[in-house]
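Coordinates as given in coords_7.tsv (TSV, C-alpha atoms):
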```tsv
chain	number	residue	atom	x	y	z
A	1238	MET	CA	-4.93	-30.16	57.19
A	1239	SER	CA	-4.33	-32.43	60.20
A	1240	PRO	CA	-3.80	-36.20	59.75
A	1241	GLU	CA	-7.15	-36.83	61.46
A	1242	THR	CA	-8.97	-34.45	59.10
A	1243	ALA	CA	-7.26	-36.01	56.08
A	1244	LEU	CA	-8.41	-39.48	57.09
A	1245	LEU	CA	-12.03	-38.31	57.30
A	1246	GLU	CA	-11.99	-36.38	54.03
A	1247	ARG	CA	-15.10	-37.18	51.98
A	1248	PRO	CA	-14.46	-39.66	49.16
A	1249	THR	CA	-15.34	-39.48	45.51
A	1250	THR	CA	-18.34	-41.78	45.25
A	1251	THR	CA	-19.71	-44.01	42.52
A	1252	PRO	CA	-22.95	-42.60	41.04
A	1253	VAL	CA	-26.06	-44.25	42.49
A	1254	PRO	CA	-27.99	-46.13	39.77
A	1255	ASP	CA	-31.66	-45.26	39.42
A	1256	ASP	CA	-32.67	-48.88	40.11
A	1257	ALA	CA	-30.40	-49.43	43.13
A	1258	LEU	CA	-31.82	-52.05	45.48
A	1259	LEU	CA	-30.39	-50.55	48.69
A	1260	ARG	CA	-29.79	-46.86	49.35
A	1261	VAL	CA	-28.36	-45.73	52.67
A	1262	SER	CA	-28.30	-41.93	52.88
A	1263	GLY	CA	-26.73	-39.72	55.56
A	1264	LEU	CA	-26.95	-42.43	58.22
A	1265	HIS	CA	-25.95	-41.49	61.76
A	1266	ALA	CA	-26.04	-43.83	64.75
A	1267	SER	CA	-24.75	-43.60	68.30
A	1268	LEU	CA	-24.51	-45.84	71.34
A	1269	GLY	CA	-25.58	-44.76	74.81
A	1270	GLY	CA	-27.30	-41.52	73.86
A	1271	HIS	CA	-30.55	-40.13	72.51
A	1272	GLY	CA	-30.49	-38.66	69.04
A	1273	GLY	CA	-26.71	-38.69	69.10
A	1274	THR	CA	-26.47	-35.93	71.75
A	1275	ASP	CA	-24.90	-37.84	74.62
A	1276	GLY	CA	-23.73	-41.16	73.21
A	1277	HIS	CA	-20.71	-42.38	71.33
A	1278	HIS	CA	-21.05	-41.70	67.60
A	1279	VAL	CA	-20.62	-44.95	65.67
A	1280	LEU	CA	-21.88	-44.01	62.19
A	1281	ARG	CA	-21.28	-40.53	60.80
A	1282	GLY	CA	-23.29	-39.68	57.71
A	1283	VAL	CA	-22.82	-43.00	55.90
A	1284	ASP	CA	-23.90	-43.09	52.25
A	1285	LEU	CA	-24.04	-46.52	50.63
A	1286	HIS	CA	-25.79	-48.11	47.69
A	1287	VAL	CA	-26.06	-51.67	46.41
A	1288	GLY	CA	-27.28	-52.47	42.93
A	1289	ARG	CA	-29.48	-55.39	42.06
A	1290	SER	CA	-27.35	-58.54	41.79
A	1291	GLU	CA	-24.30	-56.55	42.96
A	1292	VAL	CA	-21.87	-57.74	45.64
A	1293	VAL	CA	-20.45	-54.94	47.80
A	1294	GLY	CA	-17.70	-55.39	50.39
A	1295	ILE	CA	-17.44	-53.14	53.45
A	1296	ILE	CA	-14.04	-53.13	55.09
A	1297	GLY	CA	-12.50	-51.47	58.10
A	1298	GLU	CA	-10.76	-52.33	61.34
A	1299	THR	CA	-12.49	-53.18	64.62
A	1300	GLY	CA	-14.46	-50.17	65.83
A	1301	SER	CA	-14.97	-48.65	62.39
A	1302	GLY	CA	-18.75	-49.16	62.54
A	1303	LYS	CA	-19.10	-52.15	60.20
A	1304	THR	CA	-21.23	-54.33	62.46
A	1305	THR	CA	-23.38	-51.38	63.56
A	1306	LEU	CA	-24.05	-50.60	59.91
A	1307	ALA	CA	-25.03	-54.22	59.23
A	1308	ARG	CA	-27.36	-54.29	62.23
A	1309	ALA	CA	-28.86	-50.93	61.31
A	1310	ILE	CA	-29.67	-52.17	57.82
A	1311	ALA	CA	-31.29	-55.26	59.37
A	1312	GLY	CA	-33.26	-53.13	61.82
A	1313	LEU	CA	-31.54	-54.53	64.91
A	1314	VAL	CA	-30.17	-51.17	66.17
A	1315	GLY	CA	-31.69	-47.73	66.10
A	1316	THR	CA	-30.40	-44.78	64.10
A	1317	ASP	CA	-30.29	-41.06	64.86
A	1318	GLU	CA	-30.89	-39.68	61.39
A	1319	GLY	CA	-30.71	-40.64	57.74
A	1320	SER	CA	-32.57	-43.27	55.71
A	1321	ILE	CA	-32.21	-46.92	54.69
A	1322	ASP	CA	-34.24	-47.60	51.58
A	1323	LEU	CA	-34.66	-51.22	50.45
A	1324	ASP	CA	-36.47	-51.48	47.14
A	1325	GLY	CA	-38.61	-48.42	47.83
A	1326	VAL	CA	-39.27	-49.06	51.54
A	1327	ASP	CA	-37.56	-46.77	54.09
A	1328	LEU	CA	-36.63	-49.24	56.83
A	1329	THR	CA	-35.95	-46.45	59.34
A	1330	ARG	CA	-39.65	-45.53	59.28
A	1331	LEU	CA	-41.07	-48.98	59.95
A	1332	GLY	CA	-40.86	-48.65	63.73
A	1333	GLN	CA	-40.84	-51.81	65.86
A	1334	GLY	CA	-44.50	-52.77	65.53
A	1335	ARG	CA	-46.65	-54.56	62.99
A	1336	ARG	CA	-45.01	-53.06	59.88
A	1337	ARG	CA	-41.53	-54.11	61.03
A	1338	ARG	CA	-42.70	-57.64	61.84
A	1339	ALA	CA	-44.44	-57.96	58.47
A	1340	HIS	CA	-41.29	-56.84	56.65
A	1341	ARG	CA	-39.13	-59.32	58.55
A	1342	ARG	CA	-41.54	-62.17	57.87
A	1343	ALA	CA	-41.45	-61.40	54.15
A	1344	GLY	CA	-37.75	-62.35	54.22
A	1345	HIS	CA	-36.61	-59.77	51.67
A	1346	LEU	CA	-33.55	-58.95	53.79
A	1347	GLN	CA	-31.41	-61.48	55.64
A	1348	LEU	CA	-28.43	-61.06	57.97
A	1349	VAL	CA	-25.83	-63.81	58.44
A	1350	PHE	CA	-23.93	-63.39	61.70
A	1351	GLN	CA	-20.23	-63.83	62.37
A	1352	ASP	CA	-20.40	-66.84	64.71
A	1353	PRO	CA	-22.70	-69.65	63.49
A	1354	LEU	CA	-22.39	-71.58	66.76
A	1355	ARG	CA	-24.00	-68.67	68.61
A	1356	SER	CA	-26.52	-67.70	65.93
A	1357	LEU	CA	-27.94	-71.20	65.42
A	1358	ASP	CA	-30.29	-72.62	68.07
A	1359	PRO	CA	-28.40	-75.66	69.44
A	1360	ALA	CA	-31.64	-77.53	70.12
A	1361	LEU	CA	-32.97	-77.39	66.56
A	1362	ARG	CA	-32.18	-79.78	63.74
A	1363	VAL	CA	-30.69	-78.42	60.52
A	1364	GLU	CA	-34.02	-78.84	58.74
A	1365	GLU	CA	-35.77	-76.72	61.36
A	1366	LEU	CA	-33.02	-74.10	61.33
A	1367	VAL	CA	-33.04	-73.67	57.55
A	1368	THR	CA	-36.84	-73.48	57.31
A	1369	GLU	CA	-37.34	-71.29	60.38
A	1370	GLY	CA	-38.17	-68.22	58.30
A	1371	LEU	CA	-40.57	-70.17	56.12
A	1372	ALA	CA	-42.33	-71.60	59.17
A	1373	ILE	CA	-42.81	-68.10	60.60
A	1374	ARG	CA	-44.46	-67.03	57.35
A	1375	GLY	CA	-46.90	-69.96	57.56
A	1376	ARG	CA	-48.99	-71.28	54.65
A	1377	LEU	CA	-46.36	-73.81	53.54
A	1378	ALA	CA	-46.85	-77.52	54.19
A	1379	ALA	CA	-44.10	-79.40	56.03
A	1380	GLN	CA	-43.13	-81.35	52.90
A	1381	VAL	CA	-42.75	-78.14	50.90
A	1382	ARG	CA	-40.57	-76.65	53.63
A	1383	ARG	CA	-38.42	-79.78	53.61
A	1384	GLU	CA	-37.97	-79.50	49.83
A	1385	GLU	CA	-36.96	-75.84	50.24
A	1386	ALA	CA	-34.45	-76.86	52.93
A	1387	ILE	CA	-32.89	-79.43	50.60
A	1388	ARG	CA	-32.71	-76.84	47.81
A	1389	ALA	CA	-31.03	-74.29	50.12
A	1390	LEU	CA	-28.51	-76.85	51.37
A	1391	GLU	CA	-27.64	-77.82	47.80
A	1392	LEU	CA	-26.99	-74.15	46.99
A	1393	VAL	CA	-24.34	-74.00	49.72
A	1394	GLY	CA	-22.80	-77.36	48.86
A	1395	LEU	CA	-24.33	-79.47	51.64
A	1396	ASP	CA	-26.13	-82.80	51.42
A	1397	GLU	CA	-29.64	-83.52	52.72
A	1398	THR	CA	-28.19	-86.15	55.06
A	1399	LEU	CA	-27.44	-83.22	57.42
A	1400	LEU	CA	-31.13	-82.36	57.83
A	1401	GLN	CA	-31.57	-84.34	61.05
A	1402	ARG	CA	-28.36	-83.23	62.73
A	1403	VAL	CA	-27.98	-80.47	65.31
A	1404	PRO	CA	-25.26	-77.74	65.15
A	1405	ARG	CA	-22.88	-79.45	67.60
A	1406	ASP	CA	-22.73	-82.52	65.33
A	1407	ILE	CA	-21.39	-80.69	62.27
A	1408	SER	CA	-18.16	-78.79	61.57
A	1409	GLY	CA	-17.66	-75.04	61.84
A	1410	GLY	CA	-17.61	-74.64	58.06
A	1411	GLN	CA	-20.81	-76.67	57.75
A	1412	ARG	CA	-22.49	-74.56	60.45
A	1413	GLN	CA	-21.69	-71.37	58.57
A	1414	ARG	CA	-23.09	-72.89	55.38
A	1415	VAL	CA	-26.25	-73.87	57.26
A	1416	ALA	CA	-26.58	-70.26	58.46
A	1417	ILE	CA	-26.24	-69.10	54.85
A	1418	ALA	CA	-28.75	-71.74	53.68
A	1419	ARG	CA	-31.21	-70.41	56.29
A	1420	ALA	CA	-30.81	-66.93	54.78
A	1421	LEU	CA	-31.29	-68.25	51.24
A	1422	ALA	CA	-34.43	-70.25	52.06
A	1423	THR	CA	-36.68	-67.17	52.02
A	1424	ARG	CA	-35.28	-66.16	48.60
A	1425	PRO	CA	-34.27	-62.69	49.79
A	1426	ARG	CA	-33.45	-59.68	47.65
A	1427	LEU	CA	-30.45	-58.78	49.83
A	1428	ILE	CA	-28.21	-60.76	52.21
A	1429	VAL	CA	-25.82	-58.98	54.59
A	1430	PHE	CA	-22.87	-61.08	55.79
A	1431	ASP	CA	-21.19	-59.79	58.97
A	1432	GLU	CA	-17.63	-61.18	59.04
A	1433	PRO	CA	-18.79	-64.50	57.50
A	1434	VAL	CA	-15.43	-66.30	57.70
A	1435	SER	CA	-13.60	-64.76	60.65
A	1436	ALA	CA	-14.62	-67.59	63.03
A	1437	LEU	CA	-13.46	-70.34	60.64
A	1438	ASP	CA	-10.13	-72.07	60.11
A	1439	ALA	CA	-8.14	-71.33	56.96
A	1440	GLN	CA	-9.47	-74.27	54.94
A	1441	SER	CA	-13.12	-73.60	55.83
A	1442	ARG	CA	-12.60	-69.88	55.19
A	1443	GLU	CA	-11.45	-70.46	51.62
A	1444	SER	CA	-14.27	-72.93	51.02
A	1445	VAL	CA	-16.98	-70.52	52.22
A	1446	LEU	CA	-15.49	-67.62	50.24
A	1447	ARG	CA	-15.54	-69.68	47.03
A	1448	MET	CA	-19.13	-70.61	47.79
A	1449	LEU	CA	-20.12	-66.94	48.23
A	1450	ALA	CA	-18.54	-66.08	44.90
A	1451	GLY	CA	-20.57	-68.86	43.30
A	1452	LEU	CA	-23.83	-67.66	44.86
A	1453	ARG	CA	-23.26	-64.26	43.34
A	1454	ASP	CA	-23.43	-65.75	39.87
A	1455	GLU	CA	-25.93	-68.54	40.52
A	1456	LEU	CA	-28.76	-66.55	42.12
A	1457	GLY	CA	-28.30	-62.92	41.19
A	1458	THR	CA	-29.10	-61.96	44.80
A	1459	ALA	CA	-27.50	-58.74	46.03
A	1460	LEU	CA	-24.90	-59.34	48.74
A	1461	VAL	CA	-23.13	-57.12	51.26
A	1462	VAL	CA	-20.00	-58.74	52.72
A	1463	ILE	CA	-18.55	-57.06	55.82
A	1464	SER	CA	-14.98	-57.89	56.81
A	1465	HIS	CA	-11.80	-56.51	58.33
A	1466	ASP	CA	-9.81	-58.78	55.98
A	1467	LEU	CA	-9.00	-57.27	52.59
A	1468	THR	CA	-7.86	-60.63	51.22
A	1469	SER	CA	-11.34	-62.09	51.67
A	1470	MET	CA	-12.77	-59.45	49.33
A	1471	VAL	CA	-10.72	-60.52	46.32
A	1472	GLY	CA	-12.74	-62.57	43.85
A	1473	VAL	CA	-15.93	-62.19	45.91
A	1474	VAL	CA	-17.07	-58.56	45.77
A	1475	ASP	CA	-17.60	-56.22	42.83
A	1476	ARG	CA	-17.06	-53.00	44.74
A	1477	VAL	CA	-15.35	-52.09	48.02
A	1478	VAL	CA	-16.50	-49.48	50.56
A	1479	VAL	CA	-13.94	-48.47	53.21
A	1480	LEU	CA	-15.17	-47.35	56.66
A	1481	TYR	CA	-13.04	-45.35	59.09
A	1482	GLU	CA	-14.44	-44.17	62.43
A	1483	GLY	CA	-17.99	-44.55	61.17
A	1484	ALA	CA	-17.53	-42.68	57.89
A	1485	VAL	CA	-17.01	-43.84	54.31
A	1486	VAL	CA	-13.56	-42.67	53.23
A	1487	GLU	CA	-13.14	-44.55	49.94
A	1488	GLU	CA	-15.17	-46.71	47.58
A	1489	GLY	CA	-14.81	-48.10	44.10
A	1490	PRO	CA	-14.29	-51.27	42.04
A	1491	THR	CA	-12.43	-53.92	44.03
A	1492	ASP	CA	-9.45	-54.21	41.71
A	1493	ARG	CA	-8.91	-50.44	41.60
A	1494	VAL	CA	-9.24	-49.89	45.36
A	1495	LEU	CA	-6.90	-52.76	46.26
A	1496	ARG	CA	-4.30	-52.06	43.57
A	1497	ASP	CA	-4.36	-48.27	43.68
A	1498	PRO	CA	-5.88	-47.02	46.97
A	1499	ARG	CA	-6.49	-43.29	46.94
A	1500	HIS	CA	-7.07	-42.75	50.64
A	1501	GLU	CA	-4.42	-42.89	53.33
A	1502	TYR	CA	-6.50	-45.16	55.56
A	1503	THR	CA	-6.99	-47.71	52.78
A	1504	ARG	CA	-3.25	-47.71	52.17
A	1505	LEU	CA	-2.69	-48.36	55.88
A	1506	LEU	CA	-5.08	-51.33	55.77
A	1507	LEU	CA	-3.26	-52.76	52.76
A	1508	GLN	CA	0.09	-52.58	54.50
A	1509	ALA	CA	-1.02	-55.50	56.71
A	1510	ALA	CA	-1.20	-58.01	53.84
A	1511	PRO	CA	-0.13	-56.40	50.55
A	1512	ALA	CA	1.57	-59.49	49.10
A	1513	THR	CA	-1.39	-61.81	49.74
A	1514	VAL	CA	-3.90	-59.37	48.26
A	1515	ARG	CA	-1.81	-58.76	45.15
A	1516	ARG	CA	-1.23	-62.49	44.58
A	1517	ARG	CA	-4.97	-63.12	44.67
A	1518	LEU	CA	-5.65	-60.21	42.32
A	1519	ASP	CA	-2.98	-61.39	39.89
A	1520	ALA	CA	-4.27	-64.98	40.00
A	1521	LEU	CA	-7.80	-63.82	39.18
A	1522	ALA	CA	-6.57	-61.59	36.37
A	1523	SER	CA	-4.56	-64.48	34.93
A	1524	ALA	CA	-7.55	-66.82	35.13
A	1525	ALA	CA	-9.76	-64.24	33.42
A	1526	ASP	CA	-7.27	-63.92	30.56
A	1527	THR	CA	-7.26	-67.66	29.89
A	1528	SER	CA	-10.97	-68.48	30.26
A	1529	THR	CA	-14.23	-67.57	28.59
A	1530	THR	CA	-16.40	-65.18	30.56
A	1531	ILE	CA	-19.76	-66.65	31.56
A	1532	PRO	CA	-22.53	-64.01	31.72
A	1533	ARG	CA	-24.08	-63.53	35.16
A	1534	LYS	CA	-27.69	-64.62	35.53
A	1535	SER	CA	-30.11	-61.75	35.80
```

Produce structure tokens that represent the structure in this file.
Amino acid sequence: MSPETALLERPTTTPVPDDALLRVSGLHASLGGHGGTDGHHVLRGVDLHVGRSEVVGIIGETGSGKTTLARAIAGLVGTDEGSIDLDGVDLTRLGQGRRRRAHRRAGHLQLVFQDPLRSLDPALRVEELVTEGLAIRGRLAAQVRREEAIRALELVGLDETLLQRVPRDISGGQRQRVAIARALATRPRLIVFDEPVSALDAQSRESVLRMLAGLRDELGTALVVISHDLTSMVGVVDRVVVLYEGAVVEEGPTDRVLRDPRHEYTRLLLQAAPATVRRRLDALASAADTSTTIPRKS
């Protein structure tokens, strides 16, 4: 078996629960072609599931297909074959017409982009940004939308005094929290985070990661966190899925995958920061041994 074949060997997968919120099955996507015949293959038969209230991390280097997968789930790029089922609705069959628009307006699925400065309209105030999805839905009075904006900001650790500011007047970490608050305002079933901390400095990165871990327990919303940084997965995600050249090569509980990787590609990724990852794992294990476990809200 060649090294290339070994890296693409199919992994042993975790059984899909009957009540899984998200099921991605046999997903193929390509860029520049039609039906995958002429273009560059980006996703190659991806299988992925996310349970209700579960946090799943997707890792891989640049070019592995992470962002394409996130955008495919959100309906922002087309796919060649396969299905994306969100709570019983196959998103690949919605088309780009009325059914797709109705699903987006419902707000069941939200995508938080990598760069908040580019994803937030610079001309809108924080209040308008956070309630944008609610305004599109209609039927909610301005005062109710304002109350929902305050609630969403509180969930991400921000004060209502930011409501009248515009993105350029707040810090990078605050902008990313505003982007997350905007996603939370529609009370979605699933939020997909595409490299949520890669554009932030070290201090803001740690702050946002701690906040994501808290949201997991506070709301019970299912989260998908996409990153090239293994360290950012520790203490945030329940299960890790490893992508290599558009295919899933390993997946399993975070602690197991990061302490005892079974695939050569995962081991190569860990070589970049093995000491940092292990220190975080050991710190979490030590904290768990000395504290009382608080049940997650259902």

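Reported to one decimal place, the separation of CA of Leu1506 (chain A) from CA of Leu1285 (chain A) is 20.2 Å.
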
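Compared by their closest atoms to Arg1453 (chain A), and using all atoms listed in the file, the residues A:Val1363, A:Ala1339, A:Val1514, A:Val1292 rank with A:Val1292 nearest.
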
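For the atom pair formed by CA of Pro1359 (chain A) and CA of Ile1387 (chain A), the distance is 19.7 Å, given to one decimal.
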
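The space between CA of Val1473 (chain A) and CA of Ala1525 (chain A) spans 14.1 Å.
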
What's the 9 Å shell around Val1279 (chain A), counting only C-alpha atoms, without same-chain residues fewer than 6 positions away, as a PyMOL selection string? chain A and resi 1265-1268+1300-1302+1305-1306+1482-1484

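Across A:Gly1294, A:Leu1495, A:Leu1331, A:Gly1409, the tightest approach to Leu1449 (chain A) is made by A:Gly1294 when counting only C-alpha atoms.
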
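Look at Leu1361 (chain A): the protein and nucleic acid residues within 9 Å of it, using all atoms listed in the file and passing over chain neighbours fewer than 2 places away, are Leu1357, Asp1358, Pro1359, Val1363, Glu1364, Glu1365, Leu1366, Gln1401, Arg1402, Val1403 and Pro1404 of chain A.
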
Those same residues - C-alpha atoms - I'd like them written as a short mmCIF file (atom, residue, chain, number, x, y, z; two decimals), in the coordinates of the input.
```cif
data_model
loop_
_atom_site.label_atom_id
_atom_site.label_comp_id
_atom_site.auth_asym_id
_atom_site.auth_seq_id
_atom_site.Cartn_x
_atom_site.Cartn_y
_atom_site.Cartn_z
CA LEU A 1357 -27.94 -71.20 65.42
CA ASP A 1358 -30.29 -72.62 68.07
CA PRO A 1359 -28.40 -75.66 69.44
CA VAL A 1363 -30.69 -78.42 60.52
CA GLU A 1364 -34.02 -78.84 58.74
CA GLU A 1365 -35.77 -76.72 61.36
CA LEU A 1366 -33.02 -74.10 61.33
CA GLN A 1401 -31.57 -84.34 61.05
CA ARG A 1402 -28.36 -83.23 62.73
CA VAL A 1403 -27.98 -80.47 65.31
CA PRO A 1404 -25.26 -77.74 65.15
#
```

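Using all atoms listed in the file, the smallest distance between any of A:Arg1362, A:Arg1419, A:Arg1447, A:Lys1303 and Asp1406 (chain A) comes from A:Arg1362.
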
Closest of A:His1465, A:His1286, A:Arg1337, A:Arg1476 to Ala1510 (chain A), counting all atoms listed in the file, is A:His1465

For Val1429 (chain A), the closest of A:Val1261, A:Leu1280, A:Leu1348, A:Leu1480 counting all atoms listed in the file is A:Leu1348

- request: Mind checking which residues fall within 10 Å of Arg1383 (chain A), counting only C-alpha atoms, ignoring those fewer than 6 positions away in the same chain, and posting them as a PyMOL selection string?
  value: chain A and resi 1364-1365+1367-1368+1377+1389+1397+1400

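Between Val1434 (chain A) and the candidates A:Asp1352, A:Asp1497, A:Asp1396, A:Asp1492, the tightest atom-to-atom separation, counting all atoms listed in the file, involves A:Asp1352.
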
Quick one: residues within 10 Å of region 1456-1460 of chain A, all atoms listed in the file counted, chain neighbours fewer than 3 positions away excluded, as a CSV table (one decimal) with C-alpha atoms, keeping the file's coordinate frame?
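Everything below was put into out.csv:
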```
chain,number,residue,atom,x,y,z
A,1258,LEU,CA,-31.8,-52.0,45.5
A,1259,LEU,CA,-30.4,-50.6,48.7
A,1287,VAL,CA,-26.1,-51.7,46.4
A,1288,GLY,CA,-27.3,-52.5,42.9
A,1289,ARG,CA,-29.5,-55.4,42.1
A,1290,SER,CA,-27.4,-58.5,41.8
A,1291,GLU,CA,-24.3,-56.6,43.0
A,1292,VAL,CA,-21.9,-57.7,45.6
A,1293,VAL,CA,-20.4,-54.9,47.8
A,1294,GLY,CA,-17.7,-55.4,50.4
A,1346,LEU,CA,-33.6,-59.0,53.8
A,1347,GLN,CA,-31.4,-61.5,55.6
A,1392,LEU,CA,-27.0,-74.2,47.0
A,1421,LEU,CA,-31.3,-68.2,51.2
A,1424,ARG,CA,-35.3,-66.2,48.6
A,1425,PRO,CA,-34.3,-62.7,49.8
A,1426,ARG,CA,-33.4,-59.7,47.6
A,1427,LEU,CA,-30.4,-58.8,49.8
A,1428,ILE,CA,-28.2,-60.8,52.2
A,1429,VAL,CA,-25.8,-59.0,54.6
A,1430,PHE,CA,-22.9,-61.1,55.8
A,1449,LEU,CA,-20.1,-66.9,48.2
A,1451,GLY,CA,-20.6,-68.9,43.3
A,1452,LEU,CA,-23.8,-67.7,44.9
A,1453,ARG,CA,-23.3,-64.3,43.3
A,1463,ILE,CA,-18.6,-57.1,55.8
A,1473,VAL,CA,-15.9,-62.2,45.9
A,1474,VAL,CA,-17.1,-58.6,45.8
A,1475,ASP,CA,-17.6,-56.2,42.8
A,1533,ARG,CA,-24.1,-63.5,35.2
A,1534,LYS,CA,-27.7,-64.6,35.5
A,1535,SER,CA,-30.1,-61.8,35.8
```

Could you build a table of the residues in region 1344-1429 of chain A lying no more than 12 Å from region 1437-1446 of chain A, giving for each the nearest pair of atoms and their separation in Å rounded to one decimal place, using all atoms listed in the file, ordered by chain and ascending residue number, as a tab-separated table?
```
residue	atom	partner	partner_atom	distance
A:Gln1351	CA	A:Leu1437	CA	9.6
A:Asp1352	CA	A:Leu1437	CA	8.8
A:Pro1353	CA	A:Leu1437	CA	9.7
A:Leu1354	CA	A:Leu1437	CA	10.9
A:Leu1392	CA	A:Val1445	CA	11.9
A:Val1393	CA	A:Val1445	CA	8.5
A:Gly1394	CA	A:Val1445	CA	9.6
A:Leu1395	CA	A:Val1445	CA	11.6
A:Ser1408	CA	A:Ser1441	CA	9.2
A:Gly1409	CA	A:Leu1437	CA	6.4
A:Gly1410	CA	A:Ser1441	CA	5.1
A:Gln1411	CA	A:Ser1441	CA	8.5
A:Arg1412	CA	A:Leu1437	CA	10.0
A:Gln1413	CA	A:Val1445	CA	8.0
A:Arg1414	CA	A:Val1445	CA	7.3
A:Val1415	CA	A:Val1445	CA	11.1
A:Ala1416	CA	A:Val1445	CA	11.5
A:Ile1417	CA	A:Val1445	CA	9.7
A:Ala1418	CA	A:Val1445	CA	11.9
```

Skipping near chain neighbours, those fewer than 2 positions away, what residues fall within 12 Å of Leu1467 (chain A) using all atoms listed in the file, listed as a ChimeraX atom specification? /A:1294-1298,1432,1435,1462-1465,1469-1474,1477-1479,1491-1492,1494-1496,1503-1515,1517-1518
